[in-house]
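These notes are about the structure you will find just below.
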Amino acid sequence: MATERTFSMIKPDATRRNLMGKIIARLEESGLRVVASKRILMSKAQAEAFYAVHKDRPFYGELTTFMASGPTVVQVLEGEDAIAKNREVMGATNPADAAPGTIRADYAQSIGENAVHGSDAAETAAEEIAFWFAGHEIVG
Ligand code: CMP
């Protein structure tokens with residue numbers, strides 16, 4: 001096992017419903033540590049750039065409009081196997097498929113409004129962290 005960093009977002013559906021603290025508690029209770037955090041209102045252009053990998057998908061417009069619709073908490077999580085651990089704690093993308101006790105099973109409303117995002121691999125984690133944070137903003 002190795003100490004890793006991963007990128008995490010608490011999405012507008014969750015901040016709107018005042019779930020920021022409950023979600024961060026789940027992450028911390030799993031052993032992950034928040035080493036960078038800021039609450040932002042991303043622009044549509046930022047959402048389009050962040051999710052550019054999905055630009056040809058039918059849900060791209062809906063996804064990027066939603067992500068610019070309210071506050072998002074962007075954060076960096078650190079811990080043993082942080083990328084896989086975060087994905088385990090989040091649960092499946094579609095809350096209908098998410099295991100009981102996961103963040104998405106308990107707090108997500110739909111596949112689009114699914115409460116949280118987490119990087120899926122080491123390379124994307126590094127890219128996603130660098131998209132939102134300068135090195136001096138990450139305080140391990
Ligand atoms: P996330 O982990 O942020 O990565 C891409 C997001 O696209 C995903 O979570 C979902 O919220 C969203 N997404 C995936 N499939 C669909 C879909 N069929 N309709 C709307 N949004 C989707």
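Naming scheme: A, B, ... for chains in displayed order of the structure tokens; residues 1 onward per chain; ligands 1 onward as shown.
With only C-alpha atoms and all ligand atoms as the atoms that count, the set of residues no farther than 7 Å from ligand 1 is Phe59, Glu62, Leu63, Thr93, Ile111, Gly112, Glu113, Asn114, Val116, His117 and Gly118 of chain A.
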Residues within 12 Å of Tyr60 (chain A), please, as an NGL selection string. Count only C-alpha atoms; anything in the same chain fewer than 4 positions from it doesn't count. :A and (44 or 47-56 or 64-67 or 112)
If we count only C-alpha atoms and set the cut-off at 9 Å, which residues sit around region 99-105 of chain A, ignoring sequence neighbours fewer than 4 positions away in its own chain? Please answer as a PDB file with all heavy atoms, in the first residue's frame.
```
ATOM      1  N   ILE A  23     -20.634  14.642   4.334  1.00  0.00           N
ATOM      2  CA  ILE A  23     -19.811  13.947   3.334  1.00  0.00           C
ATOM      3  C   ILE A  23     -18.347  13.955   3.755  1.00  0.00           C
ATOM      4  O   ILE A  23     -17.660  12.923   3.683  1.00  0.00           O
ATOM      5  CB  ILE A  23     -20.039  14.568   1.941  1.00  0.00           C
ATOM      6  CG1 ILE A  23     -21.443  14.189   1.456  1.00  0.00           C
ATOM      7  CG2 ILE A  23     -18.960  14.105   0.958  1.00  0.00           C
ATOM      8  CD1 ILE A  23     -21.887  14.873   0.188  1.00  0.00           C
ATOM      9  N   ARG A  26     -17.710  11.336   6.322  1.00  0.00           N
ATOM     10  CA  ARG A  26     -17.576   9.972   5.757  1.00  0.00           C
ATOM     11  C   ARG A  26     -16.160   9.743   5.227  1.00  0.00           C
ATOM     12  O   ARG A  26     -15.582   8.667   5.407  1.00  0.00           O
ATOM     13  CB  ARG A  26     -18.567   9.772   4.598  1.00  0.00           C
ATOM     14  CG  ARG A  26     -20.023   9.813   4.977  1.00  0.00           C
ATOM     15  CD  ARG A  26     -20.460   8.494   5.622  1.00  0.00           C
ATOM     16  NE  ARG A  26     -21.891   8.535   5.851  1.00  0.00           N
ATOM     17  CZ  ARG A  26     -22.790   7.983   5.037  1.00  0.00           C
ATOM     18  NH1 ARG A  26     -22.424   7.333   3.956  1.00  0.00           N
ATOM     19  NH2 ARG A  26     -24.085   8.067   5.325  1.00  0.00           N
ATOM     20  N   LEU A  27     -15.634  10.778   4.539  1.00  0.00           N
ATOM     21  CA  LEU A  27     -14.287  10.639   3.962  1.00  0.00           C
ATOM     22  C   LEU A  27     -13.254  10.507   5.080  1.00  0.00           C
ATOM     23  O   LEU A  27     -12.381   9.630   5.032  1.00  0.00           O
ATOM     24  CB  LEU A  27     -13.984  11.848   3.072  1.00  0.00           C
ATOM     25  CG  LEU A  27     -14.920  12.016   1.864  1.00  0.00           C
ATOM     26  CD1 LEU A  27     -14.669  13.361   1.176  1.00  0.00           C
ATOM     27  CD2 LEU A  27     -14.747  10.876   0.864  1.00  0.00           C
ATOM     28  N   GLU A  88     -14.378   3.724  -3.205  1.00  0.00           N
ATOM     29  CA  GLU A  88     -15.138   2.761  -2.391  1.00  0.00           C
ATOM     30  C   GLU A  88     -16.136   3.504  -1.485  1.00  0.00           C
ATOM     31  O   GLU A  88     -17.303   3.116  -1.386  1.00  0.00           O
ATOM     32  CB  GLU A  88     -14.133   1.968  -1.563  1.00  0.00           C
ATOM     33  CG  GLU A  88     -14.706   0.870  -0.710  1.00  0.00           C
ATOM     34  CD  GLU A  88     -13.600   0.279   0.172  1.00  0.00           C
ATOM     35  OE1 GLU A  88     -12.463   0.072  -0.314  1.00  0.00           O
ATOM     36  OE2 GLU A  88     -13.864   0.055   1.357  1.00  0.00           O
ATOM     37  N   VAL A  89     -15.680   4.566  -0.861  1.00  0.00           N
ATOM     38  CA  VAL A  89     -16.541   5.315   0.062  1.00  0.00           C
ATOM     39  C   VAL A  89     -17.646   6.054  -0.709  1.00  0.00           C
ATOM     40  O   VAL A  89     -18.768   6.183  -0.219  1.00  0.00           O
ATOM     41  CB  VAL A  89     -15.694   6.315   0.896  1.00  0.00           C
ATOM     42  CG1 VAL A  89     -16.575   7.180   1.786  1.00  0.00           C
ATOM     43  CG2 VAL A  89     -14.687   5.565   1.740  1.00  0.00           C
ATOM     44  N   MET A  90     -17.334   6.514  -1.943  1.00  0.00           N
ATOM     45  CA  MET A  90     -18.343   7.214  -2.761  1.00  0.00           C
ATOM     46  C   MET A  90     -19.443   6.262  -3.225  1.00  0.00           C
ATOM     47  O   MET A  90     -20.608   6.641  -3.285  1.00  0.00           O
ATOM     48  CB  MET A  90     -17.695   7.831  -4.012  1.00  0.00           C
ATOM     49  CG  MET A  90     -16.828   9.034  -3.751  1.00  0.00           C
ATOM     50  SD  MET A  90     -16.460   9.904  -5.301  1.00  0.00           S
ATOM     51  CE  MET A  90     -15.638   8.618  -6.235  1.00  0.00           C
ATOM     52  N   GLY A  91     -19.076   5.049  -3.655  1.00  0.00           N
ATOM     53  CA  GLY A  91     -20.036   4.135  -4.261  1.00  0.00           C
ATOM     54  C   GLY A  91     -20.153   4.382  -5.761  1.00  0.00           C
ATOM     55  O   GLY A  91     -19.537   5.302  -6.302  1.00  0.00           O
ATOM     56  N   ALA A  92     -20.940   3.566  -6.420  1.00  0.00           N
ATOM     57  CA  ALA A  92     -21.057   3.611  -7.883  1.00  0.00           C
ATOM     58  C   ALA A  92     -21.611   4.949  -8.369  1.00  0.00           C
ATOM     59  O   ALA A  92     -22.380   5.606  -7.662  1.00  0.00           O
ATOM     60  CB  ALA A  92     -21.944   2.475  -8.362  1.00  0.00           C
ATOM     61  N   THR A  93     -21.228   5.316  -9.606  1.00  0.00           N
ATOM     62  CA  THR A  93     -21.652   6.597 -10.202  1.00  0.00           C
ATOM     63  C   THR A  93     -23.156   6.769 -10.148  1.00  0.00           C
ATOM     64  O   THR A  93     -23.672   7.835  -9.795  1.00  0.00           O
ATOM     65  CB  THR A  93     -21.170   6.660 -11.673  1.00  0.00           C
ATOM     66  OG1 THR A  93     -19.759   6.490 -11.704  1.00  0.00           O
ATOM     67  CG2 THR A  93     -21.532   7.992 -12.312  1.00  0.00           C
ATOM     68  N   ASN A  94     -23.869   5.714 -10.514  1.00  0.00           N
ATOM     69  CA  ASN A  94     -25.335   5.752 -10.474  1.00  0.00           C
ATOM     70  C   ASN A  94     -25.788   5.312  -9.075  1.00  0.00           C
ATOM     71  O   ASN A  94     -25.528   4.176  -8.668  1.00  0.00           O
ATOM     72  CB  ASN A  94     -25.906   4.807 -11.532  1.00  0.00           C
ATOM     73  CG  ASN A  94     -27.412   4.936 -11.643  1.00  0.00           C
ATOM     74  OD1 ASN A  94     -28.074   5.447 -10.734  1.00  0.00           O
ATOM     75  ND2 ASN A  94     -27.957   4.473 -12.751  1.00  0.00           N
ATOM     76  N   PRO A  95     -26.452   6.184  -8.327  1.00  0.00           N
ATOM     77  CA  PRO A  95     -26.837   5.807  -6.951  1.00  0.00           C
ATOM     78  C   PRO A  95     -27.688   4.547  -6.890  1.00  0.00           C
ATOM     79  O   PRO A  95     -27.678   3.847  -5.865  1.00  0.00           O
ATOM     80  CB  PRO A  95     -27.586   7.040  -6.438  1.00  0.00           C
ATOM     81  CG  PRO A  95     -27.909   7.860  -7.633  1.00  0.00           C
ATOM     82  CD  PRO A  95     -26.878   7.546  -8.683  1.00  0.00           C
ATOM     83  N   GLN A 109     -28.929  11.839  -5.729  1.00  0.00           N
ATOM     84  CA  GLN A 109     -30.322  11.865  -6.170  1.00  0.00           C
ATOM     85  C   GLN A 109     -30.527  11.188  -7.518  1.00  0.00           C
ATOM     86  O   GLN A 109     -31.612  10.724  -7.830  1.00  0.00           O
ATOM     87  CB  GLN A 109     -30.798  13.319  -6.232  1.00  0.00           C
ATOM     88  CG  GLN A 109     -30.764  13.980  -4.858  1.00  0.00           C
ATOM     89  CD  GLN A 109     -31.125  15.442  -4.897  1.00  0.00           C
ATOM     90  OE1 GLN A 109     -30.452  16.246  -5.522  1.00  0.00           O
ATOM     91  NE2 GLN A 109     -32.221  15.781  -4.258  1.00  0.00           N
ATOM     92  N   SER A 110     -29.489  11.198  -8.356  1.00  0.00           N
ATOM     93  CA  SER A 110     -29.580  10.613  -9.696  1.00  0.00           C
ATOM     94  C   SER A 110     -28.162  10.445 -10.225  1.00  0.00           C
ATOM     95  O   SER A 110     -27.204  10.895  -9.588  1.00  0.00           O
ATOM     96  CB  SER A 110     -30.365  11.551 -10.624  1.00  0.00           C
ATOM     97  OG  SER A 110     -29.640  12.759 -10.796  1.00  0.00           O
ATOM     98  N   ASN A 114     -25.105  13.397  -8.440  1.00  0.00           N
ATOM     99  CA  ASN A 114     -24.652  12.241  -7.660  1.00  0.00           C
ATOM    100  C   ASN A 114     -23.696  12.614  -6.523  1.00  0.00           C
ATOM    101  O   ASN A 114     -22.851  11.822  -6.120  1.00  0.00           O
ATOM    102  CB  ASN A 114     -24.064  11.158  -8.572  1.00  0.00           C
ATOM    103  CG  ASN A 114     -22.832  11.603  -9.320  1.00  0.00           C
ATOM    104  OD1 ASN A 114     -22.487  12.776  -9.327  1.00  0.00           O
ATOM    105  ND2 ASN A 114     -22.164  10.669  -9.969  1.00  0.00           N
ATOM    106  N   ALA A 115     -23.835  13.833  -6.027  1.00  0.00           N
ATOM    107  CA  ALA A 115     -23.238  14.279  -4.749  1.00  0.00           C
ATOM    108  C   ALA A 115     -21.730  14.491  -4.742  1.00  0.00           C
ATOM    109  O   ALA A 115     -21.253  15.471  -4.168  1.00  0.00           O
ATOM    110  CB  ALA A 115     -23.647  13.352  -3.588  1.00  0.00           C
ATOM    111  N   VAL A 116     -20.991  13.565  -5.338  1.00  0.00           N
ATOM    112  CA  VAL A 116     -19.531  13.640  -5.251  1.00  0.00           C
ATOM    113  C   VAL A 116     -18.885  13.185  -6.560  1.00  0.00           C
ATOM    114  O   VAL A 116     -19.489  12.467  -7.361  1.00  0.00           O
ATOM    115  CB  VAL A 116     -18.978  12.757  -4.099  1.00  0.00           C
ATOM    116  CG1 VAL A 116     -19.200  13.399  -2.749  1.00  0.00           C
ATOM    117  CG2 VAL A 116     -19.558  11.361  -4.146  1.00  0.00           C
TER     118      VAL A 116
END
```
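The residue set within 10 Å of Ser69 (chain A), counting only C-alpha atoms and dropping same-chain residues fewer than 6 places from it, reads Lys11, Pro12, Asp13, Arg16, Leu41, Met42, Ser43, Lys44 and Leu63 of chain A.
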Restrict the selected residues to N, CA, C and O atoms and save them as a PDB file, in the first residue's frame.
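That gives us selection_13.pdb:
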```pdb
ATOM      1  N   LYS A  11     -20.505  18.042  -4.952  1.00  0.00           N
ATOM      2  CA  LYS A  11     -21.182  18.704  -6.073  1.00  0.00           C
ATOM      3  C   LYS A  11     -22.342  19.595  -5.601  1.00  0.00           C
ATOM      4  O   LYS A  11     -22.805  19.498  -4.459  1.00  0.00           O
ATOM      5  N   PRO A  12     -22.851  20.442  -6.527  1.00  0.00           N
ATOM      6  CA  PRO A  12     -23.886  21.413  -6.149  1.00  0.00           C
ATOM      7  C   PRO A  12     -25.159  20.810  -5.543  1.00  0.00           C
ATOM      8  O   PRO A  12     -25.790  21.455  -4.698  1.00  0.00           O
ATOM      9  N   ASP A  13     -25.544  19.612  -5.930  1.00  0.00           N
ATOM     10  CA  ASP A  13     -26.755  19.022  -5.323  1.00  0.00           C
ATOM     11  C   ASP A  13     -26.541  18.794  -3.827  1.00  0.00           C
ATOM     12  O   ASP A  13     -27.461  18.949  -3.018  1.00  0.00           O
ATOM     13  N   ARG A  16     -26.098  22.299  -1.899  1.00  0.00           N
ATOM     14  CA  ARG A  16     -27.436  22.926  -1.831  1.00  0.00           C
ATOM     15  C   ARG A  16     -28.241  22.354  -0.656  1.00  0.00           C
ATOM     16  O   ARG A  16     -29.007  23.056  -0.008  1.00  0.00           O
ATOM     17  N   LEU A  41     -17.637  28.611  -6.893  1.00  0.00           N
ATOM     18  CA  LEU A  41     -18.725  28.560  -7.864  1.00  0.00           C
ATOM     19  C   LEU A  41     -18.045  28.510  -9.222  1.00  0.00           C
ATOM     20  O   LEU A  41     -17.528  29.520  -9.699  1.00  0.00           O
ATOM     21  N   MET A  42     -17.975  27.316  -9.819  1.00  0.00           N
ATOM     22  CA  MET A  42     -17.239  27.208 -11.082  1.00  0.00           C
ATOM     23  C   MET A  42     -18.058  27.800 -12.220  1.00  0.00           C
ATOM     24  O   MET A  42     -19.290  27.768 -12.187  1.00  0.00           O
ATOM     25  N   SER A  43     -17.347  28.333 -13.194  1.00  0.00           N
ATOM     26  CA  SER A  43     -18.024  28.858 -14.387  1.00  0.00           C
ATOM     27  C   SER A  43     -18.370  27.692 -15.303  1.00  0.00           C
ATOM     28  O   SER A  43     -17.809  26.595 -15.182  1.00  0.00           O
ATOM     29  N   LYS A  44     -19.271  27.949 -16.230  1.00  0.00           N
ATOM     30  CA  LYS A  44     -19.597  26.927 -17.247  1.00  0.00           C
ATOM     31  C   LYS A  44     -18.322  26.558 -18.023  1.00  0.00           C
ATOM     32  O   LYS A  44     -18.085  25.385 -18.306  1.00  0.00           O
ATOM     33  N   LEU A  63     -24.366  18.023 -17.707  1.00  0.00           N
ATOM     34  CA  LEU A  63     -23.373  17.890 -16.628  1.00  0.00           C
ATOM     35  C   LEU A  63     -22.691  19.230 -16.342  1.00  0.00           C
ATOM     36  O   LEU A  63     -22.568  19.644 -15.177  1.00  0.00           O
TER      37      LEU A  63
END
```
Determine which residues of region 12-73 of chain A DSSP labels as helix (DSSP H, G or I) from the backbone of this structure, then write them out as a PyMOL selection string. chain A and resi 12-16+20-29+44-50+52-54+60-67
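From CA of Leu19 (chain A) back to CA of Ala130 (chain A), the distance works out to 25.4 Å.
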Nearby residues (only C-alpha atoms) at most 12 Å from Ser119 (chain A), same-chain spacing under 4 positions excluded, as a compact mmCIF listing (two decimals) with C-alpha atoms, in the first residue's frame:
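This is the output file selection-v6.txt:
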```
# COMPACT_ATOMS: atom_id res chain seq x y z
CA GLU A 4 -1.59 8.65 -2.46
CA ARG A 5 -3.44 11.84 -3.21
CA THR A 6 -6.72 12.00 -5.05
CA PHE A 7 -9.04 14.76 -6.18
CA SER A 8 -12.59 14.99 -4.78
CA MET A 9 -15.57 17.27 -5.34
CA PHE A 50 -12.63 20.05 -16.31
CA TYR A 51 -14.99 17.52 -17.91
CA VAL A 74 -13.01 21.00 -4.50
CA GLN A 75 -10.57 19.11 -2.31
CA VAL A 76 -7.48 16.93 -2.25
CA LEU A 77 -7.59 13.77 -0.16
CA ALA A 82 -6.54 7.12 -1.51
CA ILE A 83 -7.82 6.78 -5.09
CA ALA A 84 -9.44 3.37 -4.57
CA LYS A 85 -10.50 4.19 -0.99
CA ASN A 86 -12.31 7.34 -2.08
CA ARG A 87 -14.11 5.47 -4.86
CA GLU A 88 -15.14 2.76 -2.39
CA MET A 90 -18.34 7.21 -2.76
CA THR A 93 -21.65 6.60 -10.20
CA GLU A 123 -2.89 10.03 -13.85
CA THR A 124 -6.32 11.67 -13.70
CA ALA A 125 -5.84 12.41 -10.00
CA ALA A 126 -2.66 14.36 -10.75
CA GLU A 127 -4.34 16.23 -13.62
CA GLU A 128 -7.48 17.03 -11.65
CA ILE A 129 -5.54 18.23 -8.59
```
Show which residues sit within 7 Å of Val35 (chain A), as number ranges by chain. Count only C-alpha atoms, and ignore same-chain residues fewer than 2 positions away. A: 33, 37, 76-78, 138-140
